[in-house]
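A.B. asks: Supplied structure: input-v5.cif, mmCIF, C-alpha atoms.
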```cif
data_entry
loop_
_atom_site.group_PDB
_atom_site.id
_atom_site.type_symbol
_atom_site.label_atom_id
_atom_site.label_comp_id
_atom_site.auth_asym_id
_atom_site.auth_seq_id
_atom_site.Cartn_x
_atom_site.Cartn_y
_atom_site.Cartn_z
ATOM 1 C CA MET Q 892 -126.988 -34.041 24.016
ATOM 2 C CA THR Q 893 -127.877 -35.809 27.244
ATOM 3 C CA LYS Q 894 -130.262 -34.443 29.867
ATOM 4 C CA ARG Q 895 -131.647 -36.512 32.721
ATOM 5 C CA GLY Q 896 -130.615 -39.685 30.910
ATOM 6 C CA PHE Q 897 -132.378 -38.852 27.629
ATOM 7 C CA ARG Q 898 -130.170 -39.865 24.732
ATOM 8 C CA MET Q 899 -130.873 -37.492 21.865
ATOM 9 C CA GLU Q 900 -129.705 -38.182 18.338
ATOM 10 C CA GLN Q 901 -128.718 -35.414 15.915
ATOM 11 C CA ASN Q 902 -132.094 -35.520 14.159
ATOM 12 C CA ASN Q 903 -133.839 -34.892 17.515
ATOM 13 C CA THR Q 904 -135.204 -38.411 17.817
ATOM 14 C CA ILE Q 905 -134.963 -40.391 21.009
ATOM 15 C CA ASP Q 906 -133.032 -43.612 21.322
ATOM 16 C CA MET Q 907 -135.154 -45.812 23.565
ATOM 17 C CA PRO Q 908 -135.720 -49.569 23.991
ATOM 18 C CA ARG Q 909 -138.715 -51.427 22.624
ATOM 19 C CA LEU Q 910 -141.677 -51.530 24.982
ATOM 20 C CA GLN Q 911 -142.714 -54.998 26.108
ATOM 21 C CA TRP Q 912 -145.294 -55.773 28.793
ATOM 22 C CA TYR Q 913 -147.153 -59.046 29.157
ATOM 23 C CA PRO Q 914 -147.904 -59.945 32.807
ATOM 24 C CA GLY Q 915 -148.524 -63.623 33.539
ATOM 25 C CA HIS Q 916 -152.207 -63.072 34.332
ATOM 26 C CA MET Q 917 -152.756 -62.016 30.711
ATOM 27 C CA ARG Q 918 -151.907 -65.522 29.492
ATOM 28 C CA LYS Q 919 -154.555 -66.853 31.842
ATOM 29 C CA ALA Q 920 -157.011 -64.262 30.519
ATOM 30 C CA GLU Q 921 -156.294 -65.345 26.960
ATOM 31 C CA ARG Q 922 -157.191 -68.921 27.886
ATOM 32 C CA LEU Q 923 -160.393 -67.681 29.553
ATOM 33 C CA VAL Q 924 -161.449 -66.018 26.313
ATOM 34 C CA GLN Q 925 -160.889 -69.195 24.319
ATOM 35 C CA GLU Q 926 -162.763 -71.331 26.852
ATOM 36 C CA ASN Q 927 -165.814 -69.040 27.067
ATOM 37 C CA LEU Q 928 -166.175 -67.986 23.449
ATOM 38 C CA LYS Q 929 -168.762 -70.696 22.814
ATOM 39 C CA LEU Q 930 -171.061 -69.138 25.443
ATOM 40 C CA VAL Q 931 -171.661 -65.894 23.566
ATOM 41 C CA ASP Q 932 -173.392 -64.771 20.387
ATOM 42 C CA VAL Q 933 -171.328 -61.648 19.698
ATOM 43 C CA VAL Q 934 -167.837 -60.397 20.543
ATOM 44 C CA VAL Q 935 -167.566 -56.701 21.374
ATOM 45 C CA GLU Q 936 -164.059 -55.318 20.993
ATOM 46 C CA LEU Q 937 -163.345 -52.051 22.758
ATOM 47 C CA LEU Q 938 -160.803 -49.808 21.068
ATOM 48 C CA ASP Q 939 -159.469 -46.433 22.139
ATOM 49 C CA ALA Q 940 -160.951 -43.915 19.688
ATOM 50 C CA ARG Q 941 -157.672 -41.972 19.748
ATOM 51 C CA ILE Q 942 -155.690 -45.022 18.587
ATOM 52 C CA PRO Q 943 -158.097 -47.533 16.987
ATOM 53 C CA MET Q 944 -155.347 -49.302 15.067
ATOM 54 C CA SER Q 945 -152.764 -49.378 17.855
ATOM 55 C CA SER Q 946 -155.293 -50.559 20.467
ATOM 56 C CA ALA Q 947 -156.602 -53.453 18.349
ATOM 57 C CA ASN Q 948 -155.193 -56.692 19.727
ATOM 58 C CA PRO Q 949 -154.206 -59.017 16.827
ATOM 59 C CA VAL Q 950 -154.157 -62.001 19.202
ATOM 60 C CA LEU Q 951 -157.814 -61.453 20.106
ATOM 61 C CA ARG Q 952 -158.805 -61.103 16.464
ATOM 62 C CA GLU Q 953 -157.271 -64.491 15.760
ATOM 63 C CA ILE Q 954 -158.987 -66.099 18.759
ATOM 64 C CA VAL Q 955 -162.483 -64.809 17.923
ATOM 65 C CA ALA Q 956 -162.281 -65.371 14.172
ATOM 66 C CA GLY Q 957 -165.638 -66.572 12.843
ATOM 67 C CA LYS Q 958 -167.676 -65.087 15.688
ATOM 68 C CA PRO Q 959 -169.839 -62.009 14.909
ATOM 69 C CA ARG Q 960 -167.793 -58.983 16.023
ATOM 70 C CA LEU Q 961 -168.673 -55.394 16.807
ATOM 71 C CA VAL Q 962 -166.217 -52.567 17.510
ATOM 72 C CA VAL Q 963 -166.689 -49.883 20.146
ATOM 73 C CA LEU Q 964 -164.659 -46.704 19.687
ATOM 74 C CA ASN Q 965 -164.549 -45.767 23.345
ATOM 75 C CA LYS Q 966 -163.281 -42.445 24.728
ATOM 76 C CA SER Q 967 -164.653 -40.800 21.590
ATOM 77 C CA ASP Q 968 -164.957 -37.582 23.592
ATOM 78 C CA LEU Q 969 -161.136 -37.434 23.633
ATOM 79 C CA ALA Q 970 -160.735 -38.038 19.875
ATOM 80 C CA GLU Q 971 -161.246 -35.749 16.894
ATOM 81 C CA PRO Q 972 -164.887 -36.125 15.715
ATOM 82 C CA ALA Q 973 -163.974 -36.091 12.020
ATOM 83 C CA ALA Q 974 -161.346 -38.790 12.568
ATOM 84 C CA THR Q 975 -163.829 -40.932 14.491
ATOM 85 C CA ARG Q 976 -166.355 -40.660 11.656
ATOM 86 C CA ALA Q 977 -163.610 -41.735 9.241
ATOM 87 C CA TRP Q 978 -162.893 -44.769 11.405
ATOM 88 C CA VAL Q 979 -166.579 -45.734 11.489
ATOM 89 C CA GLN Q 980 -166.572 -45.606 7.677
ATOM 90 C CA TYR Q 981 -163.365 -47.617 7.528
ATOM 91 C CA PHE Q 982 -164.787 -50.421 9.669
ATOM 92 C CA ALA Q 983 -167.997 -50.371 7.620
ATOM 93 C CA SER Q 984 -165.852 -51.002 4.530
ATOM 94 C CA GLN Q 985 -164.587 -54.106 6.366
ATOM 95 C CA ASP Q 986 -168.199 -55.200 7.096
ATOM 96 C CA ILE Q 987 -167.759 -54.417 10.798
ATOM 97 C CA VAL Q 988 -170.161 -52.223 12.733
ATOM 98 C CA ALA Q 989 -168.323 -49.587 14.804
ATOM 99 C CA VAL Q 990 -170.074 -47.485 17.440
ATOM 100 C CA PRO Q 991 -168.458 -44.367 18.960
ATOM 101 C CA VAL Q 992 -169.029 -44.266 22.716
ATOM 102 C CA ASP Q 993 -168.229 -42.029 25.650
ATOM 103 C CA ALA Q 994 -168.605 -44.510 28.499
ATOM 104 C CA VAL Q 995 -168.175 -41.853 31.185
ATOM 105 C CA LYS Q 996 -171.079 -39.676 30.010
ATOM 106 C CA GLY Q 997 -173.064 -42.441 28.315
ATOM 107 C CA ALA Q 998 -173.063 -41.069 24.777
ATOM 108 C CA GLY Q 999 -173.559 -43.852 22.221
ATOM 109 C CA THR Q 1000 -174.509 -46.575 24.712
ATOM 110 C CA LYS Q 1001 -178.117 -46.845 23.506
ATOM 111 C CA GLU Q 1002 -176.918 -47.293 19.930
ATOM 112 C CA LEU Q 1003 -174.409 -49.880 21.138
ATOM 113 C CA VAL Q 1004 -177.038 -52.048 22.845
ATOM 114 C CA GLN Q 1005 -179.222 -51.926 19.738
ATOM 115 C CA ALA Q 1006 -176.286 -52.897 17.515
ATOM 116 C CA ILE Q 1007 -175.389 -55.868 19.736
ATOM 117 C CA GLN Q 1008 -178.966 -57.151 19.754
ATOM 118 C CA LYS Q 1009 -179.213 -56.823 15.978
ATOM 119 C CA LEU Q 1010 -175.933 -58.690 15.451
ATOM 120 C CA ALA Q 1011 -176.953 -61.463 17.871
ATOM 121 C CA ALA Q 1012 -180.469 -61.901 16.451
ATOM 122 C CA PRO Q 1013 -179.619 -64.530 13.785
ATOM 123 C CA ARG Q 1014 -178.210 -66.894 16.416
ATOM 124 C CA THR Q 1015 -180.833 -66.324 19.131
ATOM 125 C CA GLU Q 1016 -183.633 -66.715 16.576
ATOM 126 C CA LYS Q 1017 -182.053 -69.905 15.226
ATOM 127 C CA LEU Q 1018 -181.869 -71.372 18.711
ATOM 128 C CA ALA Q 1019 -185.523 -70.527 19.336
ATOM 129 C CA LYS Q 1020 -186.557 -72.162 16.050
ATOM 130 C CA HIS Q 1021 -184.808 -75.353 17.176
ATOM 131 C CA GLY Q 1022 -186.850 -75.472 20.353
ATOM 132 C CA ALA Q 1023 -184.540 -73.670 22.764
ATOM 133 C CA LYS Q 1024 -186.076 -71.347 25.330
ATOM 134 C CA PRO Q 1025 -185.883 -67.711 24.155
ATOM 135 C CA ARG Q 1026 -183.046 -65.916 25.904
ATOM 136 C CA ALA Q 1027 -181.224 -62.611 25.990
ATOM 137 C CA ALA Q 1028 -178.443 -61.871 23.543
ATOM 138 C CA ARG Q 1029 -175.056 -62.731 25.021
ATOM 139 C CA CYS Q 1030 -171.855 -60.898 24.231
ATOM 140 C CA MET Q 1031 -168.266 -60.953 25.388
ATOM 141 C CA ILE Q 1032 -166.500 -57.628 25.937
ATOM 142 C CA LEU Q 1033 -162.812 -57.683 25.068
ATOM 143 C CA GLY Q 1034 -160.087 -55.100 24.867
ATOM 144 C CA ILE Q 1035 -156.660 -54.053 25.983
ATOM 145 C CA PRO Q 1036 -156.097 -52.748 29.530
ATOM 146 C CA ASN Q 1037 -157.314 -49.276 30.464
ATOM 147 C CA VAL Q 1038 -159.547 -48.867 27.426
ATOM 148 C CA GLY Q 1039 -162.646 -48.369 29.587
ATOM 149 C CA LYS Q 1040 -164.369 -51.756 29.809
ATOM 150 C CA SER Q 1041 -165.399 -51.373 33.430
ATOM 151 C CA SER Q 1042 -166.645 -47.831 32.897
ATOM 152 C CA LEU Q 1043 -168.732 -48.976 29.929
ATOM 153 C CA ILE Q 1044 -170.251 -51.900 31.809
ATOM 154 C CA ASN Q 1045 -171.041 -49.681 34.789
ATOM 155 C CA ARG Q 1046 -172.759 -47.215 32.478
ATOM 156 C CA LEU Q 1047 -174.773 -49.945 30.752
ATOM 157 C CA SER Q 1048 -175.752 -51.669 33.985
ATOM 158 C CA GLY Q 1049 -176.579 -48.447 35.797
ATOM 159 C CA ASP Q 1050 -174.349 -49.109 38.805
ATOM 160 C CA ALA Q 1051 -170.721 -49.574 39.786
ATOM 161 C CA ARG Q 1052 -170.698 -53.321 40.387
ATOM 162 C CA THR Q 1053 -167.544 -53.597 38.285
ATOM 163 C CA LYS Q 1054 -164.833 -51.816 40.229
ATOM 164 C CA VAL Q 1055 -163.153 -49.200 38.060
ATOM 165 C CA GLU Q 1056 -159.409 -48.691 38.313
ATOM 166 C CA ASN Q 1057 -157.418 -46.367 36.066
ATOM 167 C CA ARG Q 1058 -154.492 -48.787 36.055
ATOM 168 C CA PRO Q 1059 -153.737 -51.321 33.320
ATOM 169 C CA GLY Q 1060 -154.821 -54.905 33.923
ATOM 170 C CA VAL Q 1061 -156.849 -54.708 37.136
ATOM 171 C CA THR Q 1062 -160.108 -56.417 36.048
ATOM 172 C CA ARG Q 1063 -158.986 -60.026 36.374
ATOM 173 C CA ALA Q 1064 -161.945 -62.437 36.713
ATOM 174 C CA LYS Q 1065 -164.727 -63.031 34.217
ATOM 175 C CA GLN Q 1066 -168.086 -61.506 35.178
ATOM 176 C CA TRP Q 1067 -171.598 -61.994 33.756
ATOM 177 C CA ILE Q 1068 -173.675 -58.824 33.914
ATOM 178 C CA ARG Q 1069 -177.328 -58.520 32.866
ATOM 179 C CA ILE Q 1070 -178.362 -55.377 31.002
ATOM 180 C CA GLY Q 1071 -182.130 -55.261 31.166
ATOM 181 C CA ALA Q 1072 -184.042 -58.267 29.890
ATOM 182 C CA GLN Q 1073 -182.498 -58.479 26.437
ATOM 183 C CA LEU Q 1074 -178.747 -58.469 26.921
ATOM 184 C CA GLU Q 1075 -176.119 -60.277 29.008
ATOM 185 C CA LEU Q 1076 -172.467 -59.213 29.013
ATOM 186 C CA LEU Q 1077 -169.448 -61.352 29.797
ATOM 187 C CA ASP Q 1078 -166.626 -59.060 30.872
ATOM 188 C CA MET Q 1079 -163.135 -60.454 30.426
ATOM 189 C CA PRO Q 1080 -159.772 -59.164 31.690
ATOM 190 C CA GLY Q 1081 -157.819 -56.766 29.511
ATOM 191 C CA ILE Q 1082 -155.238 -58.495 27.340
ATOM 192 C CA LEU Q 1083 -152.211 -57.147 25.505
ATOM 193 C CA TRP Q 1084 -150.246 -59.195 23.007
ATOM 194 C CA PRO Q 1085 -146.947 -60.886 23.960
ATOM 195 C CA LYS Q 1086 -144.647 -58.940 21.628
ATOM 196 C CA PHE Q 1087 -144.950 -55.464 20.123
ATOM 197 C CA GLU Q 1088 -143.563 -55.705 16.607
ATOM 198 C CA ASP Q 1089 -144.674 -52.150 15.807
ATOM 199 C CA ALA Q 1090 -142.761 -49.625 17.924
ATOM 200 C CA ARG Q 1091 -145.188 -46.895 16.915
ATOM 201 C CA ALA Q 1092 -148.165 -48.831 18.269
ATOM 202 C CA ALA Q 1093 -146.307 -49.638 21.481
ATOM 203 C CA LEU Q 1094 -145.541 -45.979 22.086
ATOM 204 C CA ARG Q 1095 -149.111 -44.927 21.455
ATOM 205 C CA LEU Q 1096 -150.290 -47.541 23.933
ATOM 206 C CA ALA Q 1097 -147.882 -46.004 26.422
ATOM 207 C CA PHE Q 1098 -149.174 -42.504 25.631
ATOM 208 C CA THR Q 1099 -152.739 -43.506 26.510
ATOM 209 C CA GLY Q 1100 -151.855 -45.574 29.582
ATOM 210 C CA ALA Q 1101 -152.584 -49.057 28.219
ATOM 211 C CA ILE Q 1102 -149.053 -50.073 29.212
ATOM 212 C CA SER Q 1103 -148.123 -49.541 32.844
ATOM 213 C CA ASP Q 1104 -145.947 -46.470 33.411
ATOM 214 C CA THR Q 1105 -143.743 -48.576 35.676
ATOM 215 C CA VAL Q 1106 -142.260 -50.698 32.886
ATOM 216 C CA TYR Q 1107 -140.785 -48.115 30.507
ATOM 217 C CA ASP Q 1108 -138.724 -44.929 30.484
ATOM 218 C CA VAL Q 1109 -141.427 -42.327 31.096
ATOM 219 C CA GLY Q 1110 -139.086 -39.503 30.113
ATOM 220 C CA GLY Q 1111 -138.401 -40.961 26.683
ATOM 221 C CA VAL Q 1112 -142.081 -41.669 26.051
ATOM 222 C CA VAL Q 1113 -143.104 -38.140 27.051
ATOM 223 C CA LEU Q 1114 -140.555 -36.689 24.634
ATOM 224 C CA GLN Q 1115 -142.006 -38.855 21.870
ATOM 225 C CA LEU Q 1116 -145.507 -37.666 22.775
ATOM 226 C CA LEU Q 1117 -144.388 -34.045 22.687
ATOM 227 C CA ARG Q 1118 -142.778 -34.700 19.323
ATOM 228 C CA VAL Q 1119 -146.085 -35.907 17.883
ATOM 229 C CA LEU Q 1120 -148.082 -33.076 19.441
ATOM 230 C CA HIS Q 1121 -145.543 -30.527 18.202
ATOM 231 C CA ALA Q 1122 -145.983 -31.832 14.662
ATOM 232 C CA ASP Q 1123 -149.762 -32.339 14.588
ATOM 233 C CA TYR Q 1124 -151.277 -30.285 17.428
ATOM 234 C CA PRO Q 1125 -148.951 -27.316 18.039
ATOM 235 C CA ALA Q 1126 -151.854 -24.964 18.786
ATOM 236 C CA ALA Q 1127 -152.987 -27.245 21.613
ATOM 237 C CA LEU Q 1128 -149.550 -27.037 23.220
ATOM 238 C CA ARG Q 1129 -149.441 -23.253 22.893
ATOM 239 C CA GLU Q 1130 -152.893 -22.811 24.371
ATOM 240 C CA ARG Q 1131 -152.526 -25.263 27.244
ATOM 241 C CA TYR Q 1132 -149.093 -24.107 28.378
ATOM 242 C CA ASP Q 1133 -149.147 -20.477 27.210
ATOM 243 C CA LEU Q 1134 -146.175 -21.018 24.911
ATOM 244 C CA ALA Q 1135 -144.761 -18.711 22.265
ATOM 245 C CA ALA Q 1136 -145.640 -19.124 18.586
ATOM 246 C CA ASN Q 1137 -142.171 -20.506 17.819
ATOM 247 C CA LEU Q 1138 -142.288 -23.715 19.842
ATOM 248 C CA PRO Q 1139 -139.049 -25.290 21.030
ATOM 249 C CA THR Q 1140 -138.537 -28.996 20.406
ATOM 250 C CA GLY Q 1141 -137.330 -32.042 22.322
ATOM 251 C CA VAL Q 1142 -136.115 -31.593 25.868
ATOM 252 C CA GLU Q 1143 -136.285 -27.810 25.503
ATOM 253 C CA LEU Q 1144 -140.042 -28.044 24.984
ATOM 254 C CA LEU Q 1145 -140.451 -30.176 28.109
ATOM 255 C CA GLU Q 1146 -138.317 -27.700 30.054
ATOM 256 C CA GLU Q 1147 -140.407 -24.750 28.908
ATOM 257 C CA ILE Q 1148 -143.590 -26.555 29.946
ATOM 258 C CA GLY Q 1149 -141.957 -27.268 33.300
ATOM 259 C CA ARG Q 1150 -141.124 -23.611 33.795
ATOM 260 C CA ARG Q 1151 -144.631 -22.527 32.812
ATOM 261 C CA ARG Q 1152 -146.133 -24.981 35.289
ATOM 262 C CA GLY Q 1153 -143.735 -24.166 38.131
ATOM 263 C CA CYS Q 1154 -141.961 -27.530 38.019
ATOM 264 C CA LEU Q 1155 -138.795 -26.226 39.623
ATOM 265 C CA VAL Q 1156 -136.485 -27.449 42.353
ATOM 266 C CA ARG Q 1157 -133.772 -25.679 44.315
ATOM 267 C CA GLY Q 1158 -131.584 -23.496 42.161
ATOM 268 C CA GLY Q 1159 -134.305 -22.999 39.550
ATOM 269 C CA ARG Q 1160 -133.625 -26.366 37.934
ATOM 270 C CA ILE Q 1161 -136.426 -28.219 36.147
ATOM 271 C CA ASP Q 1162 -138.251 -31.009 37.983
ATOM 272 C CA TYR Q 1163 -138.414 -33.277 34.931
ATOM 273 C CA GLU Q 1164 -140.497 -36.011 36.539
ATOM 274 C CA LYS Q 1165 -143.183 -33.551 37.610
ATOM 275 C CA ALA Q 1166 -143.239 -31.949 34.155
ATOM 276 C CA GLU Q 1167 -143.527 -35.371 32.515
ATOM 277 C CA GLN Q 1168 -146.493 -36.333 34.680
ATOM 278 C CA ILE Q 1169 -148.232 -33.057 33.873
ATOM 279 C CA VAL Q 1170 -147.896 -33.709 30.124
ATOM 280 C CA LEU Q 1171 -149.101 -37.321 30.416
ATOM 281 C CA THR Q 1172 -152.052 -36.394 32.644
ATOM 282 C CA ASP Q 1173 -153.068 -33.495 30.409
ATOM 283 C CA PHE Q 1174 -152.982 -35.702 27.312
ATOM 284 C CA ARG Q 1175 -154.790 -38.670 28.839
ATOM 285 C CA SER Q 1176 -157.533 -36.516 30.391
ATOM 286 C CA GLY Q 1177 -158.224 -34.499 27.244
ATOM 287 C CA ARG Q 1178 -156.914 -31.198 28.599
ATOM 288 C CA LEU Q 1179 -154.821 -30.859 25.449
ATOM 289 C CA GLY Q 1180 -157.969 -31.071 23.366
ATOM 290 C CA ARG Q 1181 -159.353 -33.827 21.187
ATOM 291 C CA VAL Q 1182 -156.502 -35.776 19.632
ATOM 292 C CA THR Q 1183 -156.441 -38.752 17.259
ATOM 293 C CA LEU Q 1184 -153.090 -40.420 16.611
ATOM 294 C CA ASP Q 1185 -154.151 -43.267 14.273
ATOM 295 C CA SER Q 1186 -155.804 -42.700 10.913
ATOM 296 C CA PRO Q 1187 -157.702 -45.119 8.637
ATOM 297 C CA ILE Q 1188 -155.151 -44.372 5.922
ATOM 298 C CA GLN Q 1189 -152.485 -45.876 8.177
ATOM 299 C CA ALA Q 1190 -154.695 -48.925 8.732
ATOM 300 C CA GLU Q 1191 -154.965 -49.450 4.990
ATOM 301 C CA THR Q 1192 -151.251 -49.104 4.317
ATOM 302 C CA THR Q 1193 -149.584 -50.256 7.536
ATOM 303 C CA ASP Q 1194 -147.340 -53.274 7.824
ATOM 304 C CA THR Q 1195 -145.676 -54.861 10.840
ATOM 305 C CA SER Q 1196 -142.424 -52.979 10.477
ATOM 306 C CA SER Q 1197 -140.802 -51.371 13.493
ATOM 307 C CA ASP Q 1198 -140.577 -47.852 12.085
ATOM 308 C CA CYS Q 1199 -140.459 -45.010 14.567
ATOM 309 C CA ILE Q 1200 -143.472 -42.793 15.222
ATOM 310 C CA ARG Q 1201 -142.819 -40.426 12.356
#
```
Written as structure tokens, that's how I'd like the structure from this file.

C.D. replies:
Amino acid sequence: MTKRGFRMEQNNTIDMPRLQWYPGHMRKAERLVQENLKLVDVVVELLDARIPMSSANPVLREIVAGKPRLVVLNKSDLAEPAATRAWVQYFASQDIVAVPVDAVKGAGTKELVQAIQKLAAPRTEKLAKHGAKPRAARCMILGIPNVGKSSLINRLSGDARTKVENRPGVTRAKQWIRIGAQLELLDMPGILWPKFEDARAALRLAFTGAISDTVYDVGGVVLQLLRVLHADYPAALRERYDLAANLPTGVELLEEIGRRRGCLVRGGRIDYEKAEQIVLTDFRSGRLGRVTLDSPIQAETTDTSSDCIR
């Protein structure tokens, strides 16, 4: 079956190319991280609480190896609370402190500052013992694009000095930002890794907007997203779009959502692009409820194979 260029296989999966996106400025950002790592006491890695495994950049982990590291599960207001607690426990089992944060509303930011200061204390105290002038703890904030770094820094600093853009890869230059008298943050550009070996992770990055919508087939990605939601969050789809108990699948599900939302063109045909944008916006903004796509069990058992989403 082919509709609007979607190639559907008999098992209702979607044949689509691998997602790859690595703009040239990200290579420069990677070098910036390496050059400035020696300036900080702690590395703070921001992950998307909905996809903690998929949003963890393996390149960054290699670069910062040996430096004290703390994980922020940002956008925790969009993730399932029980799943977020499970992720905090998982990171604790790896001897990594993880702090759930809602950067927009500020939840968890006080705990985050305290955790950074505690993790930095051994180094700052050592420097003071060797005669250095006491100074604030210094940390570097790293993460993939569109995970909320600028929003978090604005919340911590109490202003909007870091311009926020809801587009991947727009914070380009390094910035030092003082948070009170006890903490200094070095914000770095968002960095993805050069090649996505795991197709599932790449798709989940596309779902959440970490990969620019301009570089992949939005229609195919939306169908994959609907496939996951149909399997794991069917009630959310029914409630949001006023759908019947027996949900359709694949393109038929997208078409029904389009009809329910008035995405029609002349002749009563479905405006697929409009329907796709509605689904993406609803998911990314939390209008489909709190959703977590990665689980700690996957983190414990995953490999780098290129299996499909499910």

A.B. asks: Looking at only C-alpha atoms, which of Q:Val933, Q:Val1112, Q:Val992, Q:Leu1128 is the one that sits closest to Pro1013 (chain Q)?

C.D. replies: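 Among the listed residues, the smallest separation from Pro1013 (chain Q) belongs to Q:Val933.
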
A.B. asks: Could you tell me which residues the PyMOL selection byres ((chain Q and resi 1132) around 9) returns for this structure, as a ChimeraX atom specification?

C.D. replies: /Q:1127-1131,1133-1134,1147-1148,1151-1152

A.B. asks: Starting from the shown file, work through the PyMOL selection byres ((chain Q and resi 973) around 12) and note down what comes out as a PyMOL selection string.

C.D. replies: chain Q and resi 940-941+967-968+970-972+974-980+991+1181-1183+1186-1187

A.B. asks: Could you list, as a list in words, every residue matched by the PyMOL selection byres ((chain Q and resi 1168-1180) around 6) in this structure?

C.D. replies: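 Evaluating the PyMOL selection byres ((chain Q and resi 1168-1180) around 6) on these coordinates yields Leu969, Thr1099, Ala1127, Lys1165, Ala1166, Glu1167 and Arg1181 of chain Q.
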
A.B. asks: Can you pull out the residues contacting region 1004-1008 of chain Q? Cut-off 12 Å, using all atoms listed in the file, and skip same-chain residues under 6 positions away; I want them as a ChimeraX atom specification.

C.D. replies: /Q:931-936,959-963,987-992,997-998,1014-1016,1026-1032,1043-1044,1046-1048,1069-1076

A.B. asks: Could you tell me how far CA of Met1079 (chain Q) sits from CA of Ala1023 (chain Q), in Å to one decimal place?

C.D. replies: 26.3 Å
